[in-house]
Amino acid sequence: MPSVAEPEQVIEVRALHKAFGGQAVLRGVDLQVRPGETLGILGASGSGKTVLLKHLNGLLRPDAGQVWIAGQEITRLSEARLGPIRLQLGMLFQEAALFDSLSVGRNVGFALYEHTKLSREQIERRVRDCLAQVGLAGSEQLRPVELSGGMKKRVGLARALALQPRILLYDEPTSGLDPAGRAQINGLIRRLQRELEVTAVLVTHDIESARQVSDRLALLHRGRIVLSAPPQEFFRSAAPELREFWGEREQPWNIIQA
């Protein structure tokens, strides 16, 4: 019987190491993300979740190891050669990272003006479409100072979608939001994955959100991925590293039983 080919990995991380000032943060991370999958990465504060995420789009370079994006090893590429690969990735930053001096429309269209030859009319149309996708149609003329925290997150997500990326990266997408705002962002992440068939990686400390939006969860513990499984299996694991992650918190039985 012929063997079944393994699915292509859109993202692959191999033996990734990173230290700052002699302090090791990543200690040999291995990770794979399949096409169309949403992978949620959980870990304690300071465990290196955001550091790992920034290696995926080349914002940080590792001390050792490799990062493969869509079949291309990126860790040794020049900035010029990284450019086209970064255009395949959209990133929602933890604080949205909007330009305060620009309108919502200009924030969303920034990368389109910088990296494409589209006409102004085409860019404005694309901006309207992206804002409509995140439930903010007609907000082009607003300024970031006029937006709530949840609205800023949604504008940041619209900006991440502008170049029609193949991969979306989310850094703590629900941090700082009230329950209604968290539910709205979670719904958007899931809907975009379904409708756009994007591959996504999110890092979060929000356990319930991670369960809701992820096809698979991974635990980053002491610089390594020590557990990777679908949500139900993940939360039922007896792995000692997971018990250490719960720490003094009550173990989320409502999630385990959901």
# chains A, B, ... in the order shown; residues from 1 in each chain; ligands from 1
>>> select_by_dssp(residues="range 8-238 of chain A", states="alpha helix (DSSP H)", output="VMD selection string")
chain A and resid 49 to 56 79 to 86 104 to 115 120 to 133 149 to 161 179 to 196 207 to 213 231 to 235
>>> residues_around(residues="Leu157 in chain A", least_positions_apart="4", cutoff="9 Å", atoms="only C-alpha atoms", output="MDAnalysis selection string")
chainID A and resid 90:93 96 108 130:131 134 152:153 161:162 170
>>> select_by_dssp(residues="range 23-134 of chain A", states="strand (DSSP E or B)", output="ChimeraX atom specification")
/A:23-33,38-42,64-69,72-73,89-92
>>> write_last_selection(atoms="N, CA and C atoms", output="mmCIF file, in the first residue's frame")
data_model
loop_
_atom_site.group_PDB
_atom_site.id
_atom_site.type_symbol
_atom_site.label_atom_id
_atom_site.label_comp_id
_atom_site.auth_asym_id
_atom_site.auth_seq_id
_atom_site.Cartn_x
_atom_site.Cartn_y
_atom_site.Cartn_z
ATOM 1 N N GLN A 23 20.379 35.775 28.755
ATOM 2 C CA GLN A 23 19.233 35.069 29.314
ATOM 3 C C GLN A 23 18.508 34.317 28.198
ATOM 4 N N ALA A 24 18.527 32.995 28.248
ATOM 5 C CA ALA A 24 17.871 32.187 27.211
ATOM 6 C C ALA A 24 16.363 32.325 27.324
ATOM 7 N N VAL A 25 15.719 32.601 26.184
ATOM 8 C CA VAL A 25 14.258 32.697 26.132
ATOM 9 C C VAL A 25 13.682 31.505 25.373
ATOM 10 N N LEU A 26 14.191 31.270 24.179
ATOM 11 C CA LEU A 26 13.789 30.094 23.409
ATOM 12 C C LEU A 26 14.943 29.099 23.458
ATOM 13 N N ARG A 27 14.636 27.846 23.778
ATOM 14 C CA ARG A 27 15.677 26.855 24.046
ATOM 15 C C ARG A 27 15.536 25.620 23.155
ATOM 16 N N GLY A 28 15.232 25.832 21.899
ATOM 17 C CA GLY A 28 15.089 24.703 20.991
ATOM 18 C C GLY A 28 13.648 24.442 20.617
ATOM 19 N N VAL A 29 12.950 25.462 20.158
ATOM 20 C CA VAL A 29 11.532 25.329 19.795
ATOM 21 C C VAL A 29 11.392 24.588 18.475
ATOM 22 N N ASP A 30 10.531 23.586 18.474
ATOM 23 C CA ASP A 30 10.132 22.880 17.258
ATOM 24 C C ASP A 30 8.625 23.032 17.113
ATOM 25 N N LEU A 31 8.193 23.384 15.891
ATOM 26 C CA LEU A 31 6.778 23.705 15.699
ATOM 27 C C LEU A 31 6.418 23.569 14.232
ATOM 28 N N GLN A 32 5.238 23.028 13.957
ATOM 29 C CA GLN A 32 4.727 22.954 12.587
ATOM 30 C C GLN A 32 3.275 23.436 12.573
ATOM 31 N N VAL A 33 2.902 24.128 11.500
ATOM 32 C CA VAL A 33 1.527 24.596 11.328
ATOM 33 C C VAL A 33 1.074 24.196 9.936
ATOM 34 N N THR A 38 -5.515 26.939 12.549
ATOM 35 C CA THR A 38 -5.254 27.979 13.529
ATOM 36 C C THR A 38 -4.613 27.326 14.747
ATOM 37 N N LEU A 39 -3.368 27.702 15.009
ATOM 38 C CA LEU A 39 -2.618 27.171 16.143
ATOM 39 C C LEU A 39 -2.574 28.222 17.235
ATOM 40 N N GLY A 40 -3.019 27.866 18.429
ATOM 41 C CA GLY A 40 -2.934 28.749 19.576
ATOM 42 C C GLY A 40 -1.768 28.340 20.458
ATOM 43 N N ILE A 41 -0.926 29.302 20.829
ATOM 44 C CA ILE A 41 0.223 29.032 21.686
ATOM 45 C C ILE A 41 -0.020 29.664 23.051
ATOM 46 N N LEU A 42 -0.086 28.826 24.065
ATOM 47 C CA LEU A 42 -0.258 29.261 25.443
ATOM 48 C C LEU A 42 1.077 29.200 26.169
ATOM 49 N N ALA A 64 20.195 30.443 16.865
ATOM 50 C CA ALA A 64 20.388 29.166 16.184
ATOM 51 C C ALA A 64 19.018 28.634 15.806
ATOM 52 N N GLY A 65 18.995 27.746 14.813
ATOM 53 C CA GLY A 65 17.737 27.156 14.379
ATOM 54 C C GLY A 65 17.223 27.767 13.090
ATOM 55 N N GLN A 66 16.092 27.283 12.648
ATOM 56 C CA GLN A 66 15.540 27.676 11.357
ATOM 57 C C GLN A 66 14.046 27.980 11.475
ATOM 58 N N VAL A 67 13.584 28.890 10.613
ATOM 59 C CA VAL A 67 12.160 29.171 10.445
ATOM 60 C C VAL A 67 11.845 29.062 8.958
ATOM 61 N N TRP A 68 10.896 28.200 8.632
ATOM 62 C CA TRP A 68 10.470 28.008 7.245
ATOM 63 C C TRP A 68 9.053 28.561 7.078
ATOM 64 N N ILE A 69 8.879 29.420 6.081
ATOM 65 C CA ILE A 69 7.572 29.981 5.761
ATOM 66 C C ILE A 69 7.250 29.610 4.315
ATOM 67 N N GLN A 72 10.139 28.312 2.391
ATOM 68 C CA GLN A 72 11.332 29.162 2.298
ATOM 69 C C GLN A 72 11.942 29.351 3.675
ATOM 70 N N GLU A 73 13.220 29.031 3.814
ATOM 71 C CA GLU A 73 13.913 29.256 5.080
ATOM 72 C C GLU A 73 14.296 30.732 5.162
ATOM 73 N N LEU A 89 2.330 37.632 5.056
ATOM 74 C CA LEU A 89 1.916 37.530 6.451
ATOM 75 C C LEU A 89 1.258 38.824 6.901
ATOM 76 N N GLY A 90 0.146 38.689 7.581
ATOM 77 C CA GLY A 90 -0.468 39.827 8.241
ATOM 78 C C GLY A 90 -0.349 39.640 9.741
ATOM 79 N N MET A 91 -0.100 40.729 10.477
ATOM 80 C CA MET A 91 0.084 40.605 11.921
ATOM 81 C C MET A 91 -0.779 41.600 12.672
ATOM 82 N N LEU A 92 -1.519 41.094 13.655
ATOM 83 C CA LEU A 92 -2.249 41.940 14.591
ATOM 84 C C LEU A 92 -1.406 42.061 15.853
#
>>> residues_around(residues="Gly223 in chain A", least_positions_apart="2", cutoff="12 Å", atoms="only C-alpha atoms", output="CSV table (one decimal) with C-alpha atoms, in the first residue's frame")
chain,number,residue,atom,x,y,z
A,15,ALA,CA,15.4,23.9,17.0
A,16,LEU,CA,15.0,27.6,17.5
A,17,HIS,CA,17.1,29.3,20.1
A,18,LYS,CA,17.1,33.0,21.2
A,19,ALA,CA,18.7,34.7,24.2
A,23,GLN,CA,19.2,35.1,29.3
A,24,ALA,CA,17.9,32.2,27.2
A,25,VAL,CA,14.3,32.7,26.1
A,26,LEU,CA,13.8,30.1,23.4
A,27,ARG,CA,15.7,26.9,24.0
A,28,GLY,CA,15.1,24.7,21.0
A,29,VAL,CA,11.5,25.3,19.8
A,30,ASP,CA,10.1,22.9,17.3
A,43,GLY,CA,2.4,30.0,28.0
A,44,ALA,CA,3.1,31.9,31.2
A,45,SER,CA,4.0,35.6,31.1
A,46,GLY,CA,7.6,35.9,30.0
A,47,SER,CA,7.7,32.5,28.4
A,48,GLY,CA,8.7,33.8,25.0
A,49,LYS,CA,5.4,33.7,23.1
A,50,THR,CA,5.8,37.1,21.5
A,51,VAL,CA,9.5,36.4,20.9
A,52,LEU,CA,8.6,33.3,19.0
A,219,LEU,CA,2.2,25.0,25.4
A,220,LEU,CA,5.5,27.0,25.4
A,221,HIS,CA,7.2,26.1,28.7
A,225,ILE,CA,7.0,23.4,23.0
A,226,VAL,CA,6.2,20.6,25.5
A,241,GLU,CA,4.2,21.2,32.5
>>> closest_residue(among="A:Leu60, A:Leu87, A:Leu242, A:Ala97", to="His115 in chain A", atoms="only C-alpha atoms")
A:Leu87
>>> residues_around(residues="Val213 in chain A", least_positions_apart="2", cutoff="8 Å", atoms="only C-alpha atoms", output="PyMOL selection string")
chain A and resi 38+40+186-187+189-190+209-211+215
>>> closest_residue(among="A:Val203, A:Val13, A:Ala239, A:Ile167", to="Leu227 in chain A", atoms="only C-alpha atoms")
A:Ala239
>>> closest_residue(among="A:Gln9, A:Gln193, A:Gln94, A:Asn107", to="Pro173 in chain A", atoms="only C-alpha atoms")
A:Gln94
>>> residues_around(residues="range 121-129 of chain A", least_positions_apart="3", cutoff="8 Å", atoms="only C-alpha atoms", output="PDB file with N, CA, C and O atoms, in the first residue's frame")
ATOM      1  N   GLY A 105      -8.767  54.887   7.667  1.00  0.00           N
ATOM      2  CA  GLY A 105      -8.588  54.449   6.283  1.00  0.00           C
ATOM      3  C   GLY A 105      -7.128  54.420   5.866  1.00  0.00           C
ATOM      4  O   GLY A 105      -6.681  53.474   5.198  1.00  0.00           O
ATOM      5  N   VAL A 108      -5.315  51.429   7.521  1.00  0.00           N
ATOM      6  CA  VAL A 108      -5.610  50.158   6.863  1.00  0.00           C
ATOM      7  C   VAL A 108      -4.925  50.069   5.507  1.00  0.00           C
ATOM      8  O   VAL A 108      -4.417  49.015   5.106  1.00  0.00           O
ATOM      9  N   GLY A 109      -4.857  51.192   4.804  1.00  0.00           N
ATOM     10  CA  GLY A 109      -4.283  51.189   3.465  1.00  0.00           C
ATOM     11  C   GLY A 109      -2.795  51.424   3.408  1.00  0.00           C
ATOM     12  O   GLY A 109      -2.208  51.423   2.314  1.00  0.00           O
ATOM     13  N   LEU A 112      -0.691  49.020   1.431  1.00  0.00           N
ATOM     14  CA  LEU A 112      -1.083  49.044   0.017  1.00  0.00           C
ATOM     15  C   LEU A 112      -0.422  50.215  -0.702  1.00  0.00           C
ATOM     16  O   LEU A 112       0.041  50.080  -1.841  1.00  0.00           O
ATOM     17  N   TYR A 113      -0.365  51.371  -0.045  1.00  0.00           N
ATOM     18  CA  TYR A 113       0.321  52.524  -0.643  1.00  0.00           C
ATOM     19  C   TYR A 113       1.825  52.284  -0.735  1.00  0.00           C
ATOM     20  O   TYR A 113       2.479  52.688  -1.700  1.00  0.00           O
ATOM     21  N   LEU A 118      -1.274  49.665  -6.902  1.00  0.00           N
ATOM     22  CA  LEU A 118      -2.699  49.904  -7.061  1.00  0.00           C
ATOM     23  C   LEU A 118      -2.988  51.408  -7.107  1.00  0.00           C
ATOM     24  O   LEU A 118      -2.289  52.205  -6.477  1.00  0.00           O
ATOM     25  N   ALA A 132     -15.231  46.565   6.245  1.00  0.00           N
ATOM     26  CA  ALA A 132     -16.523  45.881   6.292  1.00  0.00           C
ATOM     27  C   ALA A 132     -16.368  44.462   6.838  1.00  0.00           C
ATOM     28  O   ALA A 132     -17.232  43.976   7.581  1.00  0.00           O
ATOM     29  N   GLN A 133     -15.252  43.805   6.504  1.00  0.00           N
ATOM     30  CA  GLN A 133     -15.025  42.445   6.988  1.00  0.00           C
ATOM     31  C   GLN A 133     -14.935  42.373   8.507  1.00  0.00           C
ATOM     32  O   GLN A 133     -15.268  41.342   9.102  1.00  0.00           O
ATOM     33  N   ALA A 137     -17.531  49.190   8.730  1.00  0.00           N
ATOM     34  CA  ALA A 137     -17.823  49.902   7.484  1.00  0.00           C
ATOM     35  C   ALA A 137     -18.128  51.371   7.777  1.00  0.00           C
ATOM     36  O   ALA A 137     -18.818  51.710   8.744  1.00  0.00           O
ATOM     37  N   GLY A 138     -17.575  52.247   6.952  1.00  0.00           N
ATOM     38  CA  GLY A 138     -17.841  53.667   7.082  1.00  0.00           C
ATOM     39  C   GLY A 138     -16.990  54.402   8.100  1.00  0.00           C
ATOM     40  O   GLY A 138     -17.230  55.583   8.377  1.00  0.00           O
ATOM     41  N   GLU A 140     -13.716  55.091   7.839  1.00  0.00           N
ATOM     42  CA  GLU A 140     -12.440  55.492   7.247  1.00  0.00           C
ATOM     43  C   GLU A 140     -11.905  56.818   7.771  1.00  0.00           C
ATOM     44  O   GLU A 140     -10.691  57.004   7.891  1.00  0.00           O
ATOM     45  N   ALA A 158      -8.098  44.655  10.245  1.00  0.00           N
ATOM     46  CA  ALA A 158      -8.372  45.075   8.867  1.00  0.00           C
ATOM     47  C   ALA A 158      -7.075  45.405   8.140  1.00  0.00           C
ATOM     48  O   ALA A 158      -6.892  45.050   6.967  1.00  0.00           O
ATOM     49  N   ALA A 162      -5.226  43.636   4.619  1.00  0.00           N
ATOM     50  CA  ALA A 162      -5.228  44.479   3.428  1.00  0.00           C
ATOM     51  C   ALA A 162      -4.491  43.866   2.246  1.00  0.00           C
ATOM     52  O   ALA A 162      -4.932  43.970   1.096  1.00  0.00           O
TER      53      ALA A 162
END
>>> closest_residue(among="A:Arg236, A:Arg191, A:Arg14, A:Arg81", to="Arg224 in chain A", atoms="only C-alpha atoms")
A:Arg14
>>> closest_residue(among="A:Val201, A:Ala238, A:Ala80, A:Arg86", to="Glu12 in chain A", atoms="only C-alpha atoms")
A:Val201
>>> closest_residue(among="A:Asp100, A:Glu79, A:Glu37, A:Glu172", to="Ala200 in chain A", atoms="only C-alpha atoms")
A:Glu37
>>> residues_around(residues="Pro231 in chain A", least_positions_apart="3", cutoff="6 Å", atoms="only C-alpha atoms", output="PDB file with C-alpha atoms, in the first residue's frame")
ATOM      1  CA  ARG A 211     -10.009  27.073  23.130  1.00  0.00           C
ATOM      2  CA  ARG A 216      -4.726  22.900  17.936  1.00  0.00           C
ATOM      3  CA  LEU A 217      -3.026  24.231  21.058  1.00  0.00           C
ATOM      4  CA  PHE A 234      -4.826  19.431  25.422  1.00  0.00           C
TER       5      PHE A 234
END
